[in-house]
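Working notes, beginning with the structure itself.
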Amino acid sequence: MTKPKAAFYWCASCGGCEEAVVDLNEGLLDVAEAVDIVFWPVALDFKVRDVEALEDGELAVTFLNGGIRTSEQAAMAKLLRRKSGLMVAFGSCSHLGGVPGLANLTSRDALLDTVYRQASTVVNPEGVVPQVLTDLDGKELVLPEILDTLKTLDQVVDVDYYVPGCAPPAELVAQAVTAILEGKLPPKGSVLAPDTTLCDTCPRRDSKPADLALTEIRRIHEVEVDPARCFLEAGVLCLGMGTRSGCGERCLNANMPCNGCFGPTSRTEDQGAKLLSAVASLFSGEEESDAERLAAAVADPAGTFYRYGLPASLLRRRM
Ligand code: SF4
Ligand code: SF4
């Protein structure tokens, strides 16, 4: 019997999502048993021409991780979309933009200037930055164009499903693969994870005070948090109230607060705005100066509330 064909591809991301697939361990053998992996550049030596040679729709599914930051990534996303029955945005960066999406707070030119000219570890006396076309000893070297804005996968191609997380946990990956193979899928556009918040499933939730009021904001290294108590009680920002559950409470189990990688539930349009509003509503004090003091204590507000979701937010980028 012919097995369904699958592809994995990596765009603007750290590569942790590829590790998440490997984290399936022996489960990867079950995947390889059930599907033919015909394109997975990080692990297997297939070429783009092998994808181009496929019929349109011949791939049952592509799992694509990473946001879209270069012309090559955009072209590959479009090619894989055309060749795939299902396109799955895999991991926070593909789903929401992820940490690389914070570069939307600046411009491409400013970014290249920082990375290639200003960084203290860089020696680049001629101030060279990557160019699309470079003449190299009479030969033309072509590099992908770095786009000005990082986009989520669904801002570039039609996406069927989302597997959230930085990186998606192995159990969720296994469930997603099983659901696809068995055809037991929710409506198109669904995030393949529970549609409840992390606070709903958190083992510490009973210690979250009903009348919680923040009088101080502390960073995790500034306080010793009781592993059985809600982080907010200690003044540490934990973003479980605006973050989808399904990760297995990974950070909480390591006594670290949630920083939002699973993105919002279906009832929230803009995770950062929701979190900002939720945290601000907990500020305690009589005077405006109390709120100002607490707001000033939030280190890196954009990186705190929009760490994973700036490109998918209503703001999308700095104008
Ligand atoms: S804020 Fe964090 S620690 Fe507190 S209940 Fe929610 S997820 Fe748990
Ligand atoms: S606790 Fe939050 S940041 Fe950590 S894995 Fe879960 S959703 Fe992601």
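Going by the structure tokens order, chains are called A, B, ..., each with residues numbered from 1, while ligands are numbered from 1 in the order shown.
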
With ligand 2 as the partner and 12 Å as the cut-off, tabulate the residues of chain A that qualify, each row holding the nearest pair of atoms and their distance in Å to one decimal, using only C-alpha atoms and all ligand atoms, sorted by chain and rising number, as a tab-separated table.
residue	atom	partner	partner_atom_place_in_ligand_line	distance
A:Gly91	CA	ligand 2	8 (Fe)	10.4
A:Ser92	CA	ligand 2	8 (Fe)	9.1
A:Gly98	CA	ligand 2	8 (Fe)	11.4
A:Val99	CA	ligand 2	3 (S)	11.9
A:Pro164	CA	ligand 2	7 (S)	8.6
A:Gly165	CA	ligand 2	8 (Fe)	5.7
A:Cys166	CA	ligand 2	8 (Fe)	6.1
A:Ala167	CA	ligand 2	5 (S)	7.5
A:Pro168	CA	ligand 2	5 (S)	8.0
A:Pro169	CA	ligand 2	5 (S)	8.0
A:Ala170	CA	ligand 2	5 (S)	11.7
A:Leu172	CA	ligand 2	5 (S)	11.7
A:Ala193	CA	ligand 2	7 (S)	10.9
A:Pro194	CA	ligand 2	7 (S)	11.5
A:Thr196	CA	ligand 2	7 (S)	11.4
A:Thr197	CA	ligand 2	7 (S)	9.2
A:Leu198	CA	ligand 2	7 (S)	7.0
A:Cys199	CA	ligand 2	1 (S)	9.8
A:Thr201	CA	ligand 2	1 (S)	10.7
A:Cys202	CA	ligand 2	1 (S)	9.1
A:Pro203	CA	ligand 2	1 (S)	11.6
A:Phe231	CA	ligand 2	1 (S)	11.8
A:Leu237	CA	ligand 2	2 (Fe)	11.5
A:Cys238	CA	ligand 2	2 (Fe)	8.3
A:Leu239	CA	ligand 2	2 (Fe)	7.1
A:Gly240	CA	ligand 2	2 (Fe)	6.4
A:Met241	CA	ligand 2	2 (Fe)	10.0
A:Gly242	CA	ligand 2	7 (S)	9.7
A:Thr243	CA	ligand 2	7 (S)	6.2
A:Arg244	CA	ligand 2	7 (S)	6.5
A:Ser245	CA	ligand 2	7 (S)	6.3
A:Gly246	CA	ligand 2	6 (Fe)	7.2
A:Cys247	CA	ligand 2	6 (Fe)	4.6
A:Gly248	CA	ligand 2	6 (Fe)	6.6
A:Glu249	CA	ligand 2	1 (S)	4.8
A:Arg250	CA	ligand 2	5 (S)	4.9
A:Cys251	CA	ligand 2	4 (Fe)	4.2
A:Leu252	CA	ligand 2	1 (S)	5.7
A:Asn253	CA	ligand 2	1 (S)	8.3
A:Ala254	CA	ligand 2	1 (S)	9.2
A:Asn255	CA	ligand 2	1 (S)	9.7
A:Met256	CA	ligand 2	1 (S)	7.8
A:Pro257	CA	ligand 2	1 (S)	6.5
A:Cys258	CA	ligand 2	2 (Fe)	3.6
A:Asn259	CA	ligand 2	3 (S)	4.2
A:Gly260	CA	ligand 2	3 (S)	4.6
A:Cys261	CA	ligand 2	8 (Fe)	3.9
A:Phe262	CA	ligand 2	7 (S)	4.4
A:Gly263	CA	ligand 2	7 (S)	7.3
A:Pro264	CA	ligand 2	7 (S)	9.5
A:Thr265	CA	ligand 2	7 (S)	11.2
A:Thr304	CA	ligand 2	3 (S)	11.1
A:Phe305	CA	ligand 2	3 (S)	11.6
A:Arg307	CA	ligand 2	3 (S)	9.9
A:Tyr308	CA	ligand 2	3 (S)	9.4

Name all residues at most 6 Å from A:Ala213 (count only C-alpha atoms; drop same-chain ones fewer than 5 positions away) and give them as a ChimeraX atom specification. /A:282-284

Stretch 52-233 of chain A: which residues are alpha helix (DSSP H) by DSSP, as a ChimeraX atom specification? /A:52,71-83,92-96,108-113,170-182,198-201

Polymer residues at most 8 Å from A:Asp154, only C-alpha atoms, same-chain spacing of 4 or more positions, as JSON, numbers by chain: {"A": [89, 95, 158, 159]}

Take the residues that were just selected and, keeping N, CA and C atoms, output them as an mmCIF file, in the first residue's frame.
data_model
loop_
_atom_site.group_PDB
_atom_site.id
_atom_site.type_symbol
_atom_site.label_atom_id
_atom_site.label_comp_id
_atom_site.auth_asym_id
_atom_site.auth_seq_id
_atom_site.Cartn_x
_atom_site.Cartn_y
_atom_site.Cartn_z
ATOM 1 N N ALA A 89 1.103 24.877 10.350
ATOM 2 C CA ALA A 89 2.052 25.817 10.952
ATOM 3 C C ALA A 89 2.526 25.189 12.253
ATOM 4 N N HIS A 95 3.321 29.875 13.748
ATOM 5 C CA HIS A 95 1.957 30.161 14.210
ATOM 6 C C HIS A 95 1.753 31.666 14.426
ATOM 7 N N ASP A 158 -2.191 29.839 2.730
ATOM 8 C CA ASP A 158 -3.333 29.294 3.457
ATOM 9 C C ASP A 158 -2.840 28.180 4.394
ATOM 10 N N VAL A 159 -3.244 28.256 5.652
ATOM 11 C CA VAL A 159 -2.809 27.263 6.645
ATOM 12 C C VAL A 159 -4.019 26.469 7.118
#

Contact residues around A:Ser313 with only C-alpha atoms at 10 Å, ignoring same-chain residues under 6 positions, as a PyMOL selection string: chain A and resi 96-97+269-273+306

Rank A:Pro227, A:Gly303, A:Pro311, A:Gly66 by their smallest atom-to-atom distance to ligand 1, using only C-alpha atoms and all ligand atoms, and report the top residue only.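 Using only C-alpha atoms and all ligand atoms, the shortest distance to ligand 1 belongs to A:Pro227.
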
What is the atom CA of A:Leu147 to atom CA of A:Gly101 distance in Å? 12.0 Å

Atom-to-atom span, atom CA of A:Ala43 and atom CA of A:Asp23, Å: 13.5 Å

Nearest residue to ligand 1 from the set A:Thr62, A:Ser207, A:Ser281, A:Thr215 (distances using only C-alpha atoms and all ligand atoms):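 Among the listed residues, the smallest separation from ligand 1 belongs to A:Ser207.
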
If we count only C-alpha atoms, what is near A:Ser13 at a cut-off of 7 Å, once residues fewer than 4 positions away on the same chain are taken out, given as a list in words? Asn65, Gly66, Gly67, Cys93 and Pro100 of chain A

So which residues of stretch 123-191 of chain A fall under strand (DSSP E) by DSSP, listed as a PyMOL selection string? chain A and resi 133-136+139-142+146-151+161-163

Show me, as a VMD selection string, the residues that have an atom within 12 Å of A:Gln131 when counting only C-alpha atoms, minus same-chain residues fewer than 6 positions from it. chain A and resid 109 112 140 to 147

Surrounding residues of A:Val225 excluding itself and chain neighbours under 2 positions, 10 Å, only C-alpha atoms, as a ChimeraX atom specification: /A:220-223,227-236,255-257

Pick the closest to ligand 1 from A:Arg117, A:Arg267, A:Arg205, A:Arg316: which is it, counting only C-alpha atoms and all ligand atoms? A:Arg205

May I ask for the distance between atom CA of A:Val61 and atom CA of A:Ile180, given in Å to one decimal place?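 Value for the atom CA of A:Val61-atom CA of A:Ile180 distance: 8.3 Å.
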
A:Leu153, A:Leu275, A:Val88, A:Ala74: which is nearest ligand 1, counting only C-alpha atoms and all ligand atoms?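 Once distances to ligand 1 are computed over only C-alpha atoms and all ligand atoms, the minimum belongs to A:Leu275.
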